[in-house]
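Worksheet for the structure shown next.
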Amino acid sequence: MLLDLRDASGDDAAQGVRLANFFIKQGTLATLEGQKFPTQTFTADPAKWVTDAPVAVLVNRGTYSAAELAAAAILDAKRGDVVGERTFGEGSVQKTIELPDGAALLLTVAKYESPDGKKIEDDAVTPSVAVETPVVDDEDEATPAKGDEPLTKALDLLKAKAA
């Protein structure tokens, strides 16, 4: 199975936990905690588990929020390889405080943690297999296409596990 979570942004964090549960049968998927926020632990539900097929997850700097939670859970559970670049680092619950002048203040009240206890907001997700995505210069049309190196690497890892 290949999950391409590159540039996957937004979504409800619960969706990331749900996605991870498809590939992880038991154990902690994520934790949410804050100083004055009740700690919540999200654990895998064996009834929602789908497959034990080998998994590779593609991530990049545009991967954040729910997609990061899924990638972190799969990585920490040693359920598959995470391939690509360090993710954005967005995994928090924020409270909006409206100010009298019409402005607003966003206050982070809790942060999501990977199963190994790394705060997504602080540490992001570091791939188990780092592959830089080449920067394409739109002005230089003579630059040959180099293909999709992270995708090629992820497919090679999956083929090796299938062999």
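Each chain in the structure tokens gets a letter, A, B and so on, in the order shown; residues start at 1 in every chain, and ligands are counted from 1 in the order they appear.
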Residue list (helix (DSSP H, G or I), DSSP) for stretch 29-146 of chain A, as number ranges by chain = A: 46-48, 66-76, 120-123
Limited to C-alpha atoms, could you put the picked residues into a file as a compact mmCIF listing (two decimals), in the first residue's frame?
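Final file, selection37.txt:
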# COMPACT_ATOMS: atom_id res chain seq x y z
CA PRO A 46 -9.16 -3.67 15.90
CA ALA A 47 -12.61 -3.59 14.27
CA LYS A 48 -11.47 -0.67 12.05
CA ALA A 66 -4.31 15.03 10.08
CA ALA A 67 -1.87 13.66 7.49
CA GLU A 68 1.02 14.17 9.93
CA LEU A 69 -0.84 12.28 12.64
CA ALA A 70 -1.35 9.31 10.31
CA ALA A 71 2.29 9.35 9.14
CA ALA A 72 3.60 9.64 12.72
CA ALA A 73 1.44 6.76 13.94
CA ILE A 74 2.54 4.47 11.09
CA LEU A 75 6.19 5.43 11.63
CA ASP A 76 6.16 5.00 15.42
CA ILE A 120 3.87 17.12 16.11
CA GLU A 121 3.73 20.92 16.45
CA ASP A 122 7.30 21.10 17.81
CA ASP A 123 9.08 18.25 16.02
task = Counting only C-alpha atoms, figure out which residue out of A:Leu29, A:Leu106, A:Leu2, A:Ala56 gets nearest to A:Ser128.
result =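 Using only C-alpha atoms, the shortest distance to A:Ser128 belongs to A:Ala56.
You can rank A:Glu113, A:Asp45, A:Asp11, A:Glu132 by their closest distance to A:Ser92 using only C-alpha atoms, and at the top of that list sits A:Glu113.
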Mind checking which residues fall within 10 Å of A:Leu155, counting only C-alpha atoms, ignoring those fewer than 5 positions away in the same chain, and posting them as a short mmCIF file (atom, residue, chain, number, x, y, z; two decimals) with C-alpha atoms, in the first residue's frame?
data_model
loop_
_atom_site.label_atom_id
_atom_site.label_comp_id
_atom_site.auth_asym_id
_atom_site.auth_seq_id
_atom_site.Cartn_x
_atom_site.Cartn_y
_atom_site.Cartn_z
CA MET A 1 0.00 0.00 0.00
CA LEU A 2 1.28 3.44 -0.88
CA VAL A 55 2.88 0.33 3.76
CA ALA A 56 4.94 3.26 2.53
CA GLU A 149 12.38 10.45 -6.63
CA PRO A 150 10.37 10.02 -3.39
CA ALA A 160 11.74 -5.26 -1.57
CA LYS A 161 9.25 -6.19 1.17
#
Hey, could you make a per-residue contact list for stretch 11-40 of chain A against stretch 49-53 of chain A with 10 Å as the cut-off, showing the nearest pair of atoms and its distance in Å to one decimal, counting only C-alpha atoms, sorted by chain and number, as a tab-separated table?
residue	atom	partner	partner_atom	distance
A:Arg18	CA	A:Trp49	CA	9.4
A:Leu19	CA	A:Trp49	CA	9.4
A:Ala20	CA	A:Trp49	CA	8.8
A:Asn21	CA	A:Trp49	CA	5.6
A:Phe22	CA	A:Trp49	CA	4.3
A:Phe23	CA	A:Thr51	CA	5.7
A:Ile24	CA	A:Trp49	CA	6.3
A:Lys25	CA	A:Trp49	CA	5.2
A:Gln26	CA	A:Trp49	CA	8.6
message = Report as a VMD selection string all protein, DNA and RNA residues lying within 12 Å of A:Gln35, evaluated on only C-alpha atoms, omitting residues in the same chain fewer than 6 positions from it.
response = chain A and resid 108 to 111
Write the residues of the preceding selection, restricted to C-alpha atoms, as a compact mmCIF listing (two decimals), in the first residue's frame.
# COMPACT_ATOMS: atom_id res chain seq x y z
CA THR A 108 -2.68 26.94 21.40
CA VAL A 109 -4.31 25.02 24.27
CA ALA A 110 -3.20 21.47 23.44
CA LYS A 111 -0.76 19.64 21.18
